[in-house]
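Listing of protein38.txt, compact mmCIF, C-alpha atoms
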```txt
# COMPACT_ATOMS: atom_id res chain seq x y z
CA MET A 1 0.00 0.00 0.00
CA SER A 2 2.98 2.32 -0.32
CA HIS A 3 2.29 5.97 -1.17
CA ILE A 4 -1.44 5.42 -0.86
CA ARG A 5 -3.25 8.17 1.02
CA ILE A 6 -7.01 8.24 1.20
CA GLU A 7 -9.09 10.74 3.04
CA LEU A 8 -12.63 11.56 4.14
CA ARG A 9 -13.68 15.03 5.27
CA VAL A 10 -17.09 15.68 6.81
CA THR A 11 -18.59 18.83 8.32
CA VAL A 12 -21.75 18.74 10.42
CA GLY A 13 -23.59 21.12 12.71
CA THR A 14 -22.82 21.00 16.40
CA ASP A 15 -26.03 19.29 17.36
CA ALA A 16 -26.07 15.87 18.96
CA GLU A 17 -28.56 14.68 16.37
CA HIS A 18 -25.67 14.63 13.88
CA LEU A 19 -23.55 12.24 15.93
CA ALA A 20 -25.01 9.09 14.42
CA THR A 21 -24.45 10.43 10.91
CA LEU A 22 -20.88 11.32 11.75
CA ARG A 23 -20.20 7.88 13.18
CA ARG A 24 -21.73 6.24 10.12
CA HIS A 25 -19.41 8.20 7.83
CA ILE A 26 -16.36 7.16 9.83
CA VAL A 27 -17.46 3.52 10.03
CA ASN A 28 -18.08 3.33 6.31
CA ALA A 29 -14.82 5.08 5.46
CA ALA A 30 -12.77 2.93 7.81
CA ARG A 31 -14.31 -0.17 6.30
CA ASP A 32 -13.67 1.11 2.78
CA PHE A 33 -10.09 1.93 3.78
CA GLY A 34 -9.57 -1.67 4.89
CA ALA A 35 -9.83 -1.44 8.67
CA ASP A 36 -10.63 -4.50 10.75
CA GLU A 37 -13.70 -4.50 13.00
CA ASP A 38 -11.78 -3.59 16.16
CA THR A 39 -10.21 -0.58 14.46
CA ILE A 40 -13.57 0.47 13.07
CA ALA A 41 -15.11 0.24 16.54
CA ASP A 42 -12.29 2.29 18.05
CA PHE A 43 -12.67 5.11 15.54
CA GLU A 44 -16.45 5.04 15.88
CA LEU A 45 -16.08 5.52 19.62
CA VAL A 46 -13.36 8.16 19.31
CA VAL A 47 -15.25 10.33 16.85
CA SER A 48 -18.36 10.17 19.01
CA GLU A 49 -16.46 11.15 22.16
CA LEU A 50 -14.59 14.01 20.55
CA ALA A 51 -17.56 15.37 18.63
CA THR A 52 -19.63 15.23 21.81
CA ASN A 53 -16.98 17.27 23.60
CA VAL A 54 -17.05 19.90 20.88
CA ILE A 55 -20.85 20.03 21.05
CA ARG A 56 -20.92 20.25 24.84
CA HIS A 57 -17.93 22.42 25.59
CA THR A 58 -17.45 24.85 22.71
CA ALA A 59 -19.48 27.53 21.01
CA ALA A 60 -18.66 26.27 17.53
CA GLU A 61 -21.56 26.14 15.08
CA ASP A 62 -20.14 23.24 13.14
CA LEU A 63 -17.38 20.72 13.40
CA THR A 64 -15.20 19.13 10.80
CA VAL A 65 -13.78 15.64 10.93
CA ALA A 66 -10.97 14.58 8.63
CA PHE A 67 -10.08 10.92 8.49
CA GLN A 68 -7.20 9.58 6.51
CA ARG A 69 -5.28 6.41 6.00
CA SER A 70 -1.70 6.25 4.88
CA GLU A 71 0.62 3.32 4.60
CA SER A 72 1.67 3.46 8.22
CA GLN A 73 -1.15 5.02 10.16
CA TRP A 74 -4.71 6.21 10.55
CA VAL A 75 -5.27 9.86 11.40
CA LEU A 76 -8.52 11.33 12.68
CA ASP A 77 -8.73 15.11 13.13
CA VAL A 78 -11.68 16.74 14.89
CA SER A 79 -11.98 20.51 14.67
CA ASP A 80 -12.50 23.11 17.35
CA ALA A 81 -10.80 21.45 20.24
CA THR A 82 -10.01 24.79 21.82
CA ASP A 83 -11.50 23.96 25.18
CA LEU A 84 -10.37 20.37 25.38
CA SER A 85 -7.55 21.23 27.75
CA THR A 86 -8.16 18.14 29.85
CA LEU A 87 -6.26 16.08 27.31
CA ASP A 88 -3.33 16.26 29.69
CA GLN A 89 -5.28 14.54 32.41
CA PRO A 90 -4.83 10.82 31.87
CA GLU A 91 -7.55 9.74 34.27
CA PRO A 92 -10.29 11.45 36.24
CA ASP A 93 -9.57 11.94 39.93
CA ASP A 94 -12.95 10.72 41.10
CA PRO A 95 -13.31 7.03 40.25
CA THR A 96 -17.09 7.29 40.44
CA SER A 97 -17.22 10.20 37.98
CA ILE A 98 -17.65 9.82 34.24
CA ASP A 99 -16.37 13.33 33.57
CA GLY A 100 -13.11 13.17 31.70
CA ARG A 101 -13.40 9.50 30.92
CA GLY A 102 -14.25 10.19 27.29
CA LEU A 103 -10.84 11.66 26.64
CA PHE A 104 -9.21 9.01 28.78
CA ILE A 105 -10.83 6.35 26.61
CA VAL A 106 -9.81 8.16 23.43
CA GLN A 107 -6.22 8.12 24.61
CA ALA A 108 -6.50 4.46 25.57
CA VAL A 109 -7.59 3.24 22.14
CA MET A 110 -5.35 5.52 20.07
CA ASP A 111 -1.57 5.39 19.82
CA ASP A 112 -1.21 9.16 20.06
CA VAL A 113 -3.56 12.07 20.75
CA GLN A 114 -2.44 15.67 20.36
CA LEU A 115 -3.75 19.17 19.88
CA ILE A 116 -2.68 20.80 16.63
CA ASP A 117 -3.41 24.09 14.88
CA ILE A 118 -4.28 24.13 11.21
CA ALA A 119 -5.09 27.44 9.53
CA ASP A 120 -5.94 29.19 12.80
CA GLN A 121 -8.21 26.40 13.90
CA ARG A 122 -7.43 23.97 16.66
CA PHE A 123 -7.90 20.27 16.05
CA VAL A 124 -7.51 17.23 18.20
CA ARG A 125 -5.52 14.72 16.21
CA CYS A 126 -5.77 11.01 16.93
CA ILE A 127 -3.25 8.65 15.45
CA LYS A 128 -3.48 4.89 15.29
CA LEU A 129 -0.69 2.90 13.78
CA ALA A 130 -1.74 0.67 10.92
CA ALA A 131 -1.31 -3.02 11.61
CA MET B 1 -26.27 15.39 4.26
CA THR B 2 -28.75 12.81 5.30
CA ILE B 3 -29.44 12.98 8.99
CA ALA B 4 -29.47 9.66 10.76
CA PRO B 5 -30.54 10.27 14.36
CA ALA B 6 -29.22 7.88 16.94
CA ARG B 7 -31.91 5.31 17.27
CA ILE B 8 -32.92 3.66 20.47
CA GLN B 9 -35.76 1.29 21.18
CA ILE B 10 -36.89 0.47 24.69
CA GLU B 11 -39.11 -2.38 25.79
CA VAL B 12 -40.06 -3.01 29.40
CA ILE B 13 -41.03 -6.42 30.71
CA ALA B 14 -41.71 -6.39 34.46
CA THR B 15 -38.47 -5.11 36.02
CA THR B 16 -36.37 -5.63 32.91
CA MET B 17 -35.74 -2.95 30.32
CA ILE B 18 -34.53 -4.17 26.94
CA VAL B 19 -32.58 -1.53 25.05
CA THR B 20 -31.81 -1.75 21.36
CA GLY B 21 -29.76 0.72 19.36
CA GLU B 22 -27.15 3.38 19.93
CA ILE B 23 -26.72 5.30 23.16
CA ASP B 24 -24.98 8.65 22.78
CA SER B 25 -25.57 12.21 23.90
CA HIS B 26 -28.52 12.43 21.52
CA SER B 27 -30.37 9.33 22.71
CA ARG B 28 -29.28 9.26 26.35
CA ASP B 29 -32.13 11.47 27.53
CA ASP B 30 -34.67 9.03 26.10
CA LEU B 31 -33.02 6.24 28.05
CA ALA B 32 -32.86 8.28 31.25
CA LEU B 33 -36.51 9.29 30.94
CA ALA B 34 -37.58 5.69 30.42
CA MET B 35 -35.55 4.52 33.41
CA THR B 36 -36.80 7.09 35.89
CA PRO B 37 -40.22 5.64 36.75
CA LEU B 38 -38.80 2.14 36.94
CA LEU B 39 -36.01 3.24 39.27
CA LEU B 40 -38.53 5.02 41.45
CA SER B 41 -40.66 1.90 41.77
CA GLY B 42 -38.00 -0.69 42.52
CA HIS B 43 -35.35 -2.95 41.08
CA LEU B 44 -34.29 -2.56 37.47
CA THR B 45 -32.25 -4.71 35.13
CA VAL B 46 -31.25 -3.28 31.77
CA ASN B 47 -30.70 -5.84 29.05
CA MET B 48 -28.01 -4.41 26.77
CA ALA B 49 -27.46 -7.35 24.44
CA SER B 50 -28.65 -5.33 21.46
CA VAL B 51 -26.88 -2.08 22.20
CA TYR B 52 -24.47 -1.87 19.30
CA PHE B 53 -22.98 1.48 20.20
CA ILE B 54 -22.46 3.32 23.47
CA ASP B 55 -20.11 6.13 24.46
CA THR B 56 -19.45 7.81 27.79
CA SER B 57 -22.60 9.90 27.41
CA GLY B 58 -24.56 6.68 27.60
CA LEU B 59 -22.35 5.36 30.33
CA ARG B 60 -23.20 8.37 32.44
CA VAL B 61 -26.89 7.43 32.35
CA LEU B 62 -26.05 3.98 33.68
CA VAL B 63 -23.85 5.38 36.44
CA ASP B 64 -26.51 7.88 37.47
CA ALA B 65 -29.07 5.08 37.57
CA HIS B 66 -26.73 3.00 39.69
CA HIS B 67 -26.24 5.82 42.19
CA PHE B 68 -29.96 6.56 42.31
CA ALA B 69 -30.78 2.92 42.93
CA GLN B 70 -28.16 2.69 45.67
CA GLN B 71 -29.59 5.70 47.43
CA SER B 72 -33.10 4.30 47.09
CA GLY B 73 -32.17 0.87 48.37
CA HIS B 74 -33.01 -0.73 45.06
CA ARG B 75 -31.03 -3.05 42.84
CA PHE B 76 -29.77 -1.84 39.47
CA ALA B 77 -28.02 -4.19 37.08
CA ILE B 78 -26.98 -4.52 33.47
CA SER B 79 -27.58 -7.86 31.83
CA LEU B 80 -26.04 -9.50 28.78
CA PRO B 81 -23.95 -6.52 27.72
CA SER B 82 -23.00 -6.47 24.07
CA ARG B 83 -19.34 -6.48 23.21
CA ARG B 84 -19.39 -2.70 22.76
CA VAL B 85 -20.98 -2.22 26.17
CA GLU B 86 -18.56 -4.63 27.81
CA LYS B 87 -15.58 -2.87 26.32
CA ILE B 88 -16.52 0.58 27.55
CA LEU B 89 -17.51 -0.78 30.96
CA ASP B 90 -14.08 -2.35 31.27
CA MET B 91 -12.15 0.63 29.92
CA SER B 92 -13.89 3.07 32.21
CA ASP B 93 -13.81 0.79 35.28
CA VAL B 94 -17.55 1.29 35.56
CA GLY B 95 -17.91 -2.47 35.19
CA HIS B 96 -16.57 -2.76 38.72
CA MET B 97 -19.11 -0.28 40.02
CA ILE B 98 -22.31 -1.52 38.41
CA GLU B 99 -23.63 -5.06 38.76
CA VAL B 100 -23.31 -6.88 35.44
CA VAL B 101 -25.23 -10.09 34.94
CA GLY B 102 -24.42 -12.60 32.22
CA ARG B 103 -21.34 -11.39 30.49
CA ASN B 104 -21.38 -12.21 26.82
CA ARG B 105 -19.16 -14.59 24.94
CA PRO B 106 -15.39 -14.17 24.69
CA ARG B 107 -14.15 -11.48 22.34
CA ARG B 108 -13.31 -12.46 18.81
CA SER B 109 -11.18 -10.13 16.74
CA THR B 110 -13.05 -10.90 13.54
CA GLU B 111 -16.49 -10.34 14.97
CA ALA B 112 -18.49 -7.64 13.22
CA ARG B 113 -21.38 -5.87 14.83
CA THR B 114 -24.93 -6.40 13.73
CA ASP B 115 -26.30 -3.02 12.86
CA PRO B 116 -29.76 -3.32 11.38
CA GLY B 117 -29.95 0.41 10.78
CA GLY B 118 -26.47 1.00 9.46
CA GLN B 119 -25.61 1.90 5.92
CA SER B 120 -22.92 -0.68 5.63
```
Would you mind writing the file's structure down as structure tokens?
Amino acid sequence: MSHIRIELRVTVGTDAEHLATLRRHIVNAARDFGADEDTIADFELVVSELATNVIRHTAAEDLTVAFQRSESQWVLDVSDATDLSTLDQPEPDDPTSIDGRGLFIVQAVMDDVQLIDIADQRFVRCIKLAA
Amino acid sequence: MTIAPARIQIEVIATTMIVTGEIDSHSRDDLALAMTPLLLSGHLTVNMASVYFIDTSGLRVLVDAHHFAQQSGHRFAISLPSRRVEKILDMSDVGHMIEVVGRNRPRRSTEARTDPGGQS
């Protein structure tokens, strides 16, 4: 698969009713890109968690998800991560609380999660190494 | 873009609630609303064998139900969690907090989900 780079880009409004559509796009793309079922499930969960955070914690009117596969890795970018500063917190302090566990789970199923700036917009970038 | 709302179906048989579909921040309120009268009246078991997607928004509903039941002296349990539910319960450690009855079969890496409403 050398030099192959395939990409999906989707923009939806920041309303929770769009989450299922967003997940469906990622699932279908991951399957088309050759992902196994575990990888598909991980990206489906990750995009739902990150998009939910954007919807709940930012004032953005829409969010963009870019998903790409290269020879060595999968990359999922979710826009407007400005307020997702808790990425540095690996685990919530209160074991009975669910707050913060979304990002903890994202970090657990991805190989790398980072905040990046592209054209004056902040994205959370999730990287999973290709098998 | 075609909108595909998260779908959730709820059936109640005595003290068991059978949930089918996807539980996210869009559908979680429907689940919470359906649980409330049952939690107020007594024990509740939620059959999650046909939940083919859940994120931490859905998990929060289960944790809240667990806490409410504890405070009310009632029993709250999840039964037959699907693989997706099991995974997030384990990853979040919530599986140690909430009673889980009838864990599903061992994980298989080649297993695909059954998604009757999916486009794939």
Report task. Write out as a PyMOL selection string each polymer residue whose atoms come within 9 Å of segment 20-33 of chain B, counting only C-alpha atoms; drop sequence neighbours fewer than 3 positions from it. Result -> (chain A and resi 15-20+48-49+52) or (chain B and resi 5-11+36-37+47-62+64-65+115-117)
Requested in this report: Find the residues near Arg69 of chain A: any atom within 12 Å, counting only C-alpha atoms, skip ones fewer than 6 places away on the same chain, and give them as a PyMOL selection string.
Outcome: chain A and resi 1-8+26+29-35+75-77+126-131
Specify the axis-aligned box that encloses all atoms of segment 42-56 of chain A listed in the file after padding of 3 Å on each side, stating its centre and edge lengths in Å to one decimal as AutoDock Vina command-line options.
```
--center_x -16.6 --center_y 11.3 --center_z 20.2 --size_x 14.6 --size_y 24.0 --size_z 15.3
```
Query raised in the report: Counting all atoms listed in the file, which residues from chain A have an atom at most 10 Å from any atom of chain B, and could you show them as a VMD selection string?
Result: chain A and resid 10 to 12 15 to 25 27 to 29 31 to 32 36 to 42 44 to 49 52 to 53 55 to 56 91 to 92 95 to 105 108 to 109
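The two atoms in question, atom CA of Gly102 of chain B and atom CA of Leu80 of chain B, are spaced 4.9 Å apart.
Taking atom CA of Leu39 of chain B as the reference point, atom CA of Ile78 of chain B is found at 13.2 Å.
When atom CA of Val85 of chain B is paired with atom CA of Val101 of chain B, their separation reads 12.5 Å.
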Query raised in the report: Residues at most 8 Å from Leu63 of chain A, counting only C-alpha atoms, excluding those fewer than 3 positions away in the same chain, as a PyMOL selection string?
Result: chain A and resi 11-14+51+54+60+78-80
Next, the residues of the selection above should be written as a tab-separated table (two decimals), in the coordinates of the input with C-alpha atoms.
```tsv
chain	number	residue	atom	x	y	z
A	11	THR	CA	-18.59	18.83	8.32
A	12	VAL	CA	-21.75	18.74	10.42
A	13	GLY	CA	-23.59	21.12	12.71
A	14	THR	CA	-22.82	21.00	16.40
A	51	ALA	CA	-17.56	15.37	18.63
A	54	VAL	CA	-17.05	19.90	20.88
A	60	ALA	CA	-18.66	26.27	17.53
A	78	VAL	CA	-11.68	16.74	14.89
A	79	SER	CA	-11.98	20.51	14.67
A	80	ASP	CA	-12.50	23.11	17.35
```
